[in-house]
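This report concerns only the one structure given below.
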Amino acid sequence: PEPPEGGWGWVVMLAAMWCNGAVFGIQNSCGVLFVSMLRLFGSSEDKQLAFKTAWVSSLSMGMVFFCSPIVSIFTDLFGCRKVAVIGAAVGLVGLLSSSFVSTIEPLYFTYGILFACGCSFAYQPSLVILGHYFKKRLGLVNGIVTAGSSLFTVSLPFLLRVLIDSVDLYNTLRVLCILMFVLFLAGFTYKPLVPNTKDKEGGKKGKSKFPPVKKICNFSVFKVLSYRIWAFGIPVALFGYFVPYVHLMNHVKDRFGDSMPEEVLLLCLGITSGVGRLVFGRVADYIPGAKKLYLQVASFFFIGLMSMMIPLCNVFGALVAVCLFMGLFDGCFICIMAPIAFELVGAQDVSQAIGFLLGLMSVPMTVGPPVAGLLRDKLGTYDVAFYLAGIPPLIGGAILCFIPWVHERQKLKARAKPVDGETTEKMLEKESTLVSDTTEKPLKELDSGF
């Protein structure tokens with residue numbers, strides 16, 4: 001059915017906005033939790049403390065994306081509502097159990113895997129359900145929804161700092177469970193307008209039945225060359241993407257001591273990221289077709305340059321300016337993910353297209369922060385880590401430049417095939433009319449002779 005462009009869709013948009021805020025607000029505020037974990041679980045004798053602690057936040061962010069291909073399959077089978085509700089419940093259990101551990105190692109499972117998998121199952125349907133209700137306004141709605149994480153990223157660091165100082169890390173995690181419980185309730189608003197794959201198959205047979213494996217795992221999206229390039233270029237660009245979110249707080253402590261309010265940097269990232277999502281989400285609605293990708297190219301170039309500039313900032317004000325620019329283009333990159341996927345593969349395959357892409361993104365986002373922590377442990381400074389973190393976005397952005405050109409060539413080829421078929425049909429019709437005319441003329445002459 002044609003998307004209604006509103007109605008109940010506005011409620012769904014607010015629920016999806018809360019989902020983005022709860023999931024990525026917590027993930028993006030991991031720098032505050034990281035510093036607290038260093039104090040709580042670390043010791044001065046541990047020479048790999050930053051490396052081991054970074055795995056908690058890095059594994060959590062990576063698993064959010066790693067589970068995405070599986071979540072896409074479940075979303076196609078059972079619908080957005082069921083998957084989102086169950087995912088939020090699992091995330092709630094994982095976050096609550098994280099508040100009862102006494103060493104760093106159990107957090108790899110409770111926070112890094114269980115909580116993150118629940119977040120992934122809650123997050124993925126929030127992207128897909130928007131396409132049920134919006135088409136013309138999809139860019140704007142995606143911008144508003146993804147701005148939810150910016151609102152939470154702006155406010156959560158200060159709240160977490162106050163909570164950790166007053167009630168310790170464990171009780172802070174229990175307070176965060178409230179966000180996951182509201183997310184659990186928000187999942188019930190995802191009223192589907194398009195039947196899922198299982199319902200379609202059951203409708204044909206008259207009973208509920210699982211579809212064939214080929215329909216469950218839809219690898220046909222990889223036949224689209226422009227999507228293949230996109231699915232390769234984005235992960236390449238993200239090897240250094242998550243490094244500032246994990247290590248920037250500790251870098252400020254190393255460079256400026258405890259006198260500087262490092263939470264201000266996350267505030268700057270969050271504010272401008274929200275502005276970027278709203279502005280560039282609306283701008284993307286006016287950019288035709290796959291040319292939206294040029295916005296992502298520009299965002300990766302600026303993110304890479306800003307990462308490289310972090311070690312050069314010897315004044316805290318300069319670091320604030322860098323974070324403002326980085327947040328702006330971070331918002332640009334995120335808000336147009338779904339609209340680009342719709343352009344490259346179409347609405348029918350967008351769920352698994354996004355799922356496969358997020359799954360591929362999980363590897364670089366998981367590996368980057370621990371490598372940066374290892375460099376910090378070995379070299380005693382984050383400078384080299386931030387320089388290296390800026391290189392992958394530049395390379396990834398260069399790869400993405402080719403996609404609009406490739407996509408246009410594919411569309412031209414697709415148009416040429418039916419045109420050729422139509423011309424041959426017309427030629428056959430002309431031949432048949434000529435043959436009929438030549439046979440009818442002698443018959444008429446014979447009739448007139450009699």
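Residues in the structure tokens are named by chain (A, B, ... in the order shown) and by number from 1 within that chain; ligands are numbered from 1 in the order shown.
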
Quiz prompt | For Gly359 in chain A: contacts at 12 Å, only C-alpha atoms, fewer than 3 positions along chain excluded, given as an NGL selection string | solution = :A and (61-72 or 117 or 120 or 124 or 231-232 or 234-235 or 352-356 or 362-366)

Output the selection as an mmCIF file, in the first residue's frame - N, CA, C and O atoms for each residue.
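Saved to selection_36.cif:
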data_model
loop_
_atom_site.group_PDB
_atom_site.id
_atom_site.type_symbol
_atom_site.label_atom_id
_atom_site.label_comp_id
_atom_site.auth_asym_id
_atom_site.auth_seq_id
_atom_site.Cartn_x
_atom_site.Cartn_y
_atom_site.Cartn_z
ATOM 1 N N MET A 61 29.073 -1.859 20.895
ATOM 2 C CA MET A 61 28.708 -1.165 19.662
ATOM 3 C C MET A 61 28.802 -2.094 18.456
ATOM 4 O O MET A 61 27.953 -2.074 17.570
ATOM 5 N N GLY A 62 29.831 -2.933 18.433
ATOM 6 C CA GLY A 62 29.986 -3.863 17.320
ATOM 7 C C GLY A 62 28.856 -4.867 17.226
ATOM 8 O O GLY A 62 28.358 -5.161 16.134
ATOM 9 N N MET A 63 28.402 -5.381 18.363
ATOM 10 C CA MET A 63 27.328 -6.378 18.358
ATOM 11 C C MET A 63 25.993 -5.778 17.926
ATOM 12 O O MET A 63 25.155 -6.481 17.359
ATOM 13 N N VAL A 64 25.790 -4.482 18.197
ATOM 14 C CA VAL A 64 24.560 -3.824 17.734
ATOM 15 C C VAL A 64 24.437 -3.971 16.221
ATOM 16 O O VAL A 64 23.356 -4.227 15.676
ATOM 17 N N PHE A 65 25.575 -3.843 15.524
ATOM 18 C CA PHE A 65 25.567 -3.933 14.065
ATOM 19 C C PHE A 65 25.771 -5.360 13.570
ATOM 20 O O PHE A 65 25.259 -5.742 12.525
ATOM 21 N N PHE A 66 26.541 -6.163 14.322
ATOM 22 C CA PHE A 66 26.821 -7.533 13.899
ATOM 23 C C PHE A 66 25.551 -8.371 13.804
ATOM 24 O O PHE A 66 25.423 -9.226 12.922
ATOM 25 N N CYS A 67 24.615 -8.139 14.703
ATOM 26 C CA CYS A 67 23.363 -8.909 14.719
ATOM 27 C C CYS A 67 22.380 -8.476 13.639
ATOM 28 O O CYS A 67 21.362 -9.141 13.429
ATOM 29 N N SER A 68 22.658 -7.360 12.978
ATOM 30 C CA SER A 68 21.678 -6.760 12.078
ATOM 31 C C SER A 68 21.199 -7.672 10.949
ATOM 32 O O SER A 68 20.008 -7.686 10.628
ATOM 33 N N PRO A 69 22.091 -8.452 10.278
ATOM 34 C CA PRO A 69 21.572 -9.356 9.238
ATOM 35 C C PRO A 69 20.567 -10.361 9.782
ATOM 36 O O PRO A 69 19.553 -10.659 9.144
ATOM 37 N N ILE A 70 20.842 -10.882 10.993
ATOM 38 C CA ILE A 70 19.905 -11.830 11.615
ATOM 39 C C ILE A 70 18.608 -11.129 11.974
ATOM 40 O O ILE A 70 17.511 -11.662 11.781
ATOM 41 N N VAL A 71 18.730 -9.906 12.495
ATOM 42 C CA VAL A 71 17.536 -9.141 12.861
ATOM 43 C C VAL A 71 16.679 -8.859 11.627
ATOM 44 O O VAL A 71 15.447 -8.898 11.695
ATOM 45 N N SER A 72 17.326 -8.595 10.488
ATOM 46 C CA SER A 72 16.584 -8.347 9.250
ATOM 47 C C SER A 72 15.733 -9.554 8.867
ATOM 48 O O SER A 72 14.583 -9.412 8.444
ATOM 49 N N CYS A 117 22.944 -7.123 21.848
ATOM 50 C CA CYS A 117 22.065 -7.896 20.949
ATOM 51 C C CYS A 117 20.619 -7.448 21.104
ATOM 52 O O CYS A 117 19.881 -7.320 20.119
ATOM 53 N N SER A 120 20.200 -4.261 19.301
ATOM 54 C CA SER A 120 20.173 -4.476 17.851
ATOM 55 C C SER A 120 18.791 -4.918 17.385
ATOM 56 O O SER A 120 18.267 -4.416 16.390
ATOM 57 N N GLN A 124 16.882 -2.172 14.714
ATOM 58 C CA GLN A 124 16.677 -2.434 13.285
ATOM 59 C C GLN A 124 15.229 -2.229 12.832
ATOM 60 O O GLN A 124 14.981 -1.578 11.814
ATOM 61 N N ALA A 231 28.386 -1.359 0.386
ATOM 62 C CA ALA A 231 28.558 -2.276 1.510
ATOM 63 C C ALA A 231 30.033 -2.549 1.804
ATOM 64 O O ALA A 231 30.363 -3.043 2.889
ATOM 65 N N PHE A 232 30.911 -2.249 0.860
ATOM 66 C CA PHE A 232 32.354 -2.388 1.079
ATOM 67 C C PHE A 232 32.964 -1.073 1.549
ATOM 68 O O PHE A 232 33.797 -1.041 2.458
ATOM 69 N N ILE A 234 31.555 1.626 3.118
ATOM 70 C CA ILE A 234 31.155 2.102 4.450
ATOM 71 C C ILE A 234 31.982 1.433 5.558
ATOM 72 O O ILE A 234 32.541 2.128 6.418
ATOM 73 N N PRO A 235 32.115 0.094 5.589
ATOM 74 C CA PRO A 235 32.951 -0.515 6.633
ATOM 75 C C PRO A 235 34.404 -0.058 6.593
ATOM 76 O O PRO A 235 35.029 0.115 7.646
ATOM 77 N N GLN A 352 16.762 -6.185 4.509
ATOM 78 C CA GLN A 352 17.971 -7.000 4.566
ATOM 79 C C GLN A 352 19.179 -6.254 4.014
ATOM 80 O O GLN A 352 20.315 -6.541 4.393
ATOM 81 N N ALA A 353 18.960 -5.306 3.116
ATOM 82 C CA ALA A 353 20.080 -4.491 2.620
ATOM 83 C C ALA A 353 20.708 -3.702 3.769
ATOM 84 O O ALA A 353 21.935 -3.661 3.913
ATOM 85 N N ILE A 354 19.868 -3.075 4.604
ATOM 86 C CA ILE A 354 20.370 -2.357 5.769
ATOM 87 C C ILE A 354 20.994 -3.333 6.757
ATOM 88 O O ILE A 354 22.053 -3.062 7.336
ATOM 89 N N GLY A 355 20.361 -4.489 6.922
ATOM 90 C CA GLY A 355 20.871 -5.484 7.868
ATOM 91 C C GLY A 355 22.254 -5.983 7.501
ATOM 92 O O GLY A 355 23.158 -6.054 8.345
ATOM 93 N N PHE A 356 22.451 -6.328 6.234
ATOM 94 C CA PHE A 356 23.758 -6.805 5.791
ATOM 95 C C PHE A 356 24.816 -5.710 5.946
ATOM 96 O O PHE A 356 25.953 -5.978 6.355
ATOM 97 N N SER A 362 30.007 -3.902 11.685
ATOM 98 C CA SER A 362 30.324 -4.297 13.059
ATOM 99 C C SER A 362 31.804 -4.599 13.255
ATOM 100 O O SER A 362 32.362 -4.322 14.315
ATOM 101 N N VAL A 363 32.445 -5.179 12.244
ATOM 102 C CA VAL A 363 33.849 -5.593 12.398
ATOM 103 C C VAL A 363 34.770 -4.389 12.625
ATOM 104 O O VAL A 363 35.505 -4.350 13.628
ATOM 105 N N PRO A 364 34.775 -3.377 11.742
ATOM 106 C CA PRO A 364 35.665 -2.240 11.992
ATOM 107 C C PRO A 364 35.315 -1.451 13.248
ATOM 108 O O PRO A 364 36.205 -0.947 13.935
ATOM 109 N N MET A 365 34.028 -1.360 13.576
ATOM 110 C CA MET A 365 33.640 -0.596 14.755
ATOM 111 C C MET A 365 34.034 -1.317 16.039
ATOM 112 O O MET A 365 34.229 -0.685 17.077
ATOM 113 N N THR A 366 34.150 -2.649 15.981
ATOM 114 C CA THR A 366 34.586 -3.418 17.144
ATOM 115 C C THR A 366 36.096 -3.379 17.302
ATOM 116 O O THR A 366 36.624 -3.269 18.407
#

Listing only residues of range 315-351 of chain A within 12 Å of range 237-240 of chain A, what is the closest atom pair and its distance in Å (to one decimal) for each, using only C-alpha atoms, sorted by chain and residue number ascending, as a Markdown table?
| residue | atom | partner | partner_atom | distance |
| --- | --- | --- | --- | --- |
| A:Asp330 | CA | A:Leu238 | CA | 11.3 |
| A:Phe333 | CA | A:Ala237 | CA | 11.0 |
| A:Ile334 | CA | A:Leu238 | CA | 11.9 |

Emit the selected residues as a PDB file, in the first residue's frame, including N, CA, C and O atoms.
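Now in again-v7.pdb:
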ATOM      1  N   ASP A 330      28.927  13.779  11.396  1.00  0.00           N
ATOM      2  CA  ASP A 330      28.467  12.489  11.901  1.00  0.00           C
ATOM      3  C   ASP A 330      26.960  12.364  11.705  1.00  0.00           C
ATOM      4  O   ASP A 330      26.448  11.326  11.267  1.00  0.00           O
ATOM      5  N   PHE A 333      26.173  11.692   8.001  1.00  0.00           N
ATOM      6  CA  PHE A 333      26.420  10.299   7.606  1.00  0.00           C
ATOM      7  C   PHE A 333      25.294   9.373   8.041  1.00  0.00           C
ATOM      8  O   PHE A 333      24.828   8.524   7.277  1.00  0.00           O
ATOM      9  N   ILE A 334      24.820   9.549   9.266  1.00  0.00           N
ATOM     10  CA  ILE A 334      23.853   8.603   9.831  1.00  0.00           C
ATOM     11  C   ILE A 334      22.459   8.782   9.249  1.00  0.00           C
ATOM     12  O   ILE A 334      21.783   7.806   8.918  1.00  0.00           O
TER      13      ILE A 334
END

Practice problem: Choose the residue, out of A:Tyr227, A:Phe302, A:Phe402, A:Tyr133, that has the smallest atom-to-atom separation from Tyr190 in chain A; count only C-alpha atoms. | Solution: A:Tyr133

Quiz item: Of the candidates A:Cys119, A:Ile229, A:Leu59, A:Ala341, which one gets nearest to Gly139 in chain A if we count only C-alpha atoms?
Solution: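 When distances to Gly139 in chain A are compared using only C-alpha atoms, the smallest one comes from A:Ala341.
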
Quiz prompt | Near-Ala16 in chain A list (12 Å; only C-alpha atoms; drop same-chain fewer than 5 positions) as a count of residues only | solution = 38

Quiz item: Pick the closest to Gly380 in chain A from A:Arg277, A:Arg174, A:Arg255, A:Arg415: which is it, counting only C-alpha atoms?
Solution: A:Arg255

Closest pair table for range 64-140 of chain A residues within 9 Å of range 279-284 of chain A, only C-alpha atoms, as JSON lines:
{"residue": "A:Arg137", "atom": "CA", "partner": "A:Arg282", "partner_atom": "CA", "distance": 8.4}
{"residue": "A:Leu138", "atom": "CA", "partner": "A:Gly281", "partner_atom": "CA", "distance": 8.5}
{"residue": "A:Gly139", "atom": "CA", "partner": "A:Gly281", "partner_atom": "CA", "distance": 4.8}
{"residue": "A:Leu140", "atom": "CA", "partner": "A:Arg282", "partner_atom": "CA", "distance": 4.7}

Any chance you could export the current selection's all heavy atoms as a PDB file, in the first residue's frame?
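Produced file result-v3.pdb, reproduced below:
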ATOM      1  N   ARG A 137       8.420  12.079   2.652  1.00  0.00           N
ATOM      2  CA  ARG A 137       9.054  12.751   3.794  1.00  0.00           C
ATOM      3  C   ARG A 137      10.067  11.863   4.505  1.00  0.00           C
ATOM      4  O   ARG A 137      10.461  12.152   5.637  1.00  0.00           O
ATOM      5  CB  ARG A 137       7.983  13.179   4.798  1.00  0.00           C
ATOM      6  CG  ARG A 137       6.979  14.178   4.254  1.00  0.00           C
ATOM      7  CD  ARG A 137       5.868  14.402   5.260  1.00  0.00           C
ATOM      8  NE  ARG A 137       4.922  15.414   4.808  1.00  0.00           N
ATOM      9  CZ  ARG A 137       3.773  15.665   5.419  1.00  0.00           C
ATOM     10  NH1 ARG A 137       3.435  14.981   6.506  1.00  0.00           N
ATOM     11  NH2 ARG A 137       2.952  16.598   4.953  1.00  0.00           N
ATOM     12  N   LEU A 138      10.496  10.781   3.867  1.00  0.00           N
ATOM     13  CA  LEU A 138      11.334   9.802   4.554  1.00  0.00           C
ATOM     14  C   LEU A 138      12.664  10.396   5.016  1.00  0.00           C
ATOM     15  O   LEU A 138      13.153  10.077   6.101  1.00  0.00           O
ATOM     16  CB  LEU A 138      11.589   8.599   3.631  1.00  0.00           C
ATOM     17  CG  LEU A 138      12.297   7.406   4.271  1.00  0.00           C
ATOM     18  CD1 LEU A 138      11.498   6.873   5.450  1.00  0.00           C
ATOM     19  CD2 LEU A 138      12.520   6.301   3.247  1.00  0.00           C
ATOM     20  N   GLY A 139      13.261  11.268   4.201  1.00  0.00           N
ATOM     21  CA  GLY A 139      14.520  11.892   4.595  1.00  0.00           C
ATOM     22  C   GLY A 139      14.363  12.748   5.839  1.00  0.00           C
ATOM     23  O   GLY A 139      15.161  12.678   6.779  1.00  0.00           O
ATOM     24  N   LEU A 140      13.305  13.570   5.868  1.00  0.00           N
ATOM     25  CA  LEU A 140      13.043  14.427   7.020  1.00  0.00           C
ATOM     26  C   LEU A 140      12.754  13.593   8.263  1.00  0.00           C
ATOM     27  O   LEU A 140      13.293  13.861   9.348  1.00  0.00           O
ATOM     28  CB  LEU A 140      11.858  15.350   6.728  1.00  0.00           C
ATOM     29  CG  LEU A 140      11.353  16.212   7.885  1.00  0.00           C
ATOM     30  CD1 LEU A 140      12.430  17.176   8.346  1.00  0.00           C
ATOM     31  CD2 LEU A 140      10.086  16.958   7.498  1.00  0.00           C
TER      32      LEU A 140
END

Practice problem: Within 8 Å of Cys323 in chain A, counting only C-alpha atoms, which residues show up once you throw out same-chain ones fewer than 5 positions away? Write them as a VMD selection string, please. | Solution: chain A and resid 265 to 266 268 to 269 306

Selected residues written out with all heavy atoms, as an mmCIF file, in the first residue's frame:
data_model
loop_
_atom_site.group_PDB
_atom_site.id
_atom_site.type_symbol
_atom_site.label_atom_id
_atom_site.label_comp_id
_atom_site.auth_asym_id
_atom_site.auth_seq_id
_atom_site.Cartn_x
_atom_site.Cartn_y
_atom_site.Cartn_z
ATOM 1 N N LEU A 265 32.622 17.909 25.582
ATOM 2 C CA LEU A 265 32.943 17.453 24.229
ATOM 3 C C LEU A 265 31.840 16.545 23.684
ATOM 4 O O LEU A 265 31.459 16.648 22.515
ATOM 5 C CB LEU A 265 34.287 16.720 24.225
ATOM 6 C CG LEU A 265 35.488 17.553 24.679
ATOM 7 C CD1 LEU A 265 36.752 16.716 24.664
ATOM 8 C CD2 LEU A 265 35.648 18.784 23.803
ATOM 9 N N LEU A 266 31.316 15.652 24.524
ATOM 10 C CA LEU A 266 30.184 14.829 24.099
ATOM 11 C C LEU A 266 28.941 15.673 23.881
ATOM 12 O O LEU A 266 28.124 15.386 23.005
ATOM 13 C CB LEU A 266 29.901 13.735 25.138
ATOM 14 C CG LEU A 266 30.889 12.562 25.189
ATOM 15 C CD1 LEU A 266 30.485 11.577 26.272
ATOM 16 C CD2 LEU A 266 30.990 11.864 23.844
ATOM 17 N N CYS A 268 29.009 18.741 22.724
ATOM 18 C CA CYS A 268 29.213 19.368 21.411
ATOM 19 C C CYS A 268 28.931 18.376 20.289
ATOM 20 O O CYS A 268 28.274 18.719 19.295
ATOM 21 C CB CYS A 268 30.646 19.884 21.294
ATOM 22 S SG CYS A 268 31.038 21.206 22.449
ATOM 23 N N LEU A 269 29.427 17.155 20.441
ATOM 24 C CA LEU A 269 29.168 16.118 19.437
ATOM 25 C C LEU A 269 27.676 15.873 19.285
ATOM 26 O O LEU A 269 27.156 15.752 18.168
ATOM 27 C CB LEU A 269 29.871 14.817 19.830
ATOM 28 C CG LEU A 269 31.377 14.725 19.589
ATOM 29 C CD1 LEU A 269 31.955 13.491 20.274
ATOM 30 C CD2 LEU A 269 31.679 14.663 18.098
ATOM 31 N N MET A 306 38.885 15.767 11.010
ATOM 32 C CA MET A 306 38.696 16.176 12.402
ATOM 33 C C MET A 306 39.368 15.202 13.367
ATOM 34 O O MET A 306 39.919 15.613 14.397
ATOM 35 C CB MET A 306 37.202 16.285 12.725
ATOM 36 C CG MET A 306 36.467 17.407 12.004
ATOM 37 S SD MET A 306 37.152 19.051 12.317
ATOM 38 C CE MET A 306 37.990 19.376 10.755
#

Exercise. For Gly373 in chain A, work out the shell of residues within 9 Å, counting only C-alpha atoms and skipping chain neighbours fewer than 5 positions away, then give it as a PyMOL selection string.
Key: chain A and resi 48-54+243+247+368+378+382+385

Practice problem: Apply DSSP to the structure's backbone, then extract all residues of range 54-269 of chain A labelled alpha helix (DSSP H) and return them as JSON, numbers by chain. | Solution: {"A": [54, 55, 56, 57, 58, 59, 60, 61, 62, 63, 64, 65, 66, 68, 69, 70, 71, 72, 73, 74, 75, 76, 77, 78, 80, 81, 82, 83, 84, 85, 86, 87, 88, 89, 90, 91, 92, 93, 94, 95, 96, 97, 98, 105, 106, 107, 108, 109, 116, 117, 118, 119, 120, 121, 122, 123, 124, 125, 126, 127, 128, 130, 131, 132, 133, 138, 139, 140, 141, 142, 143, 144, 145, 146, 147, 148, 149, 150, 151, 152, 153, 154, 155, 156, 157, 158, 159, 160, 161, 162, 163, 164, 165, 166, 167, 168, 169, 170, 171, 172, 173, 174, 175, 176, 177, 178, 179, 180, 181, 182, 183, 184, 185, 186, 197, 198, 199, 200, 201, 202, 203, 204, 205, 213, 214, 215, 216, 225, 226, 227, 228, 229, 230, 231, 232, 233, 234, 235, 236, 237, 243, 244, 245, 246, 247, 248, 249, 250, 251, 252, 253, 254, 255, 256, 263, 264, 265, 266, 267, 268, 269]}

Self-check item: Within 9 Å of range 293-296 of chain A using only C-alpha atoms, minus same-chain residues under 5 positions, as a PyMOL selection string
Solution: chain A and resi 280+284+301+329+332-334+336-337+340+397+400-401+403-404

Residues of the last selection are to be written out with N, CA and C atoms, as a compact mmCIF listing (two decimals), in the first residue's frame.
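selection_7.txt, freshly written:
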# COMPACT_ATOMS: atom_id res chain seq x y z
N PHE A 280 20.64 17.88 7.13
CA PHE A 280 21.03 17.05 5.99
C PHE A 280 19.94 16.03 5.63
N ALA A 284 18.64 15.96 1.89
CA ALA A 284 18.65 14.71 1.11
C ALA A 284 17.36 14.50 0.34
N PHE A 301 35.03 12.61 4.66
CA PHE A 301 36.24 13.41 4.52
C PHE A 301 36.43 14.33 5.73
N PHE A 329 28.97 16.44 10.83
CA PHE A 329 29.08 15.52 9.71
C PHE A 329 28.81 14.07 10.11
N CYS A 332 25.20 13.92 9.46
CA CYS A 332 24.96 13.80 8.01
C CYS A 332 25.10 12.36 7.55
N PHE A 333 26.17 11.69 8.00
CA PHE A 333 26.42 10.30 7.61
C PHE A 333 25.29 9.37 8.04
N ILE A 334 24.82 9.55 9.27
CA ILE A 334 23.85 8.60 9.83
C ILE A 334 22.46 8.78 9.25
N ILE A 336 21.17 9.68 6.46
CA ILE A 336 20.81 9.33 5.08
C ILE A 336 21.13 7.88 4.75
N MET A 337 21.40 7.06 5.77
CA MET A 337 21.67 5.63 5.53
C MET A 337 20.46 4.95 4.91
N ILE A 340 19.43 6.17 1.28
CA ILE A 340 20.35 5.65 0.26
C ILE A 340 20.06 4.19 -0.02
N GLY A 397 35.53 7.31 1.92
CA GLY A 397 34.86 8.38 1.17
C GLY A 397 35.25 8.37 -0.29
N LEU A 400 33.30 5.62 -2.09
CA LEU A 400 31.87 5.93 -2.29
C LEU A 400 31.63 6.90 -3.44
N CYS A 401 32.66 7.64 -3.85
CA CYS A 401 32.50 8.62 -4.94
C CYS A 401 32.02 7.98 -6.24
N ILE A 403 29.91 5.45 -6.66
CA ILE A 403 28.61 4.77 -6.64
C ILE A 403 27.55 5.48 -7.48
N PRO A 404 27.36 6.80 -7.40
CA PRO A 404 26.33 7.44 -8.24
C PRO A 404 26.53 7.17 -9.73

Quiz item: So, counting only C-alpha atoms, which residue among A:Ala338, A:Met249, A:Ala414, A:Leu173 is closest to Val350 in chain A?
Solution: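 Using only C-alpha atoms, the shortest distance to Val350 in chain A belongs to A:Ala338.
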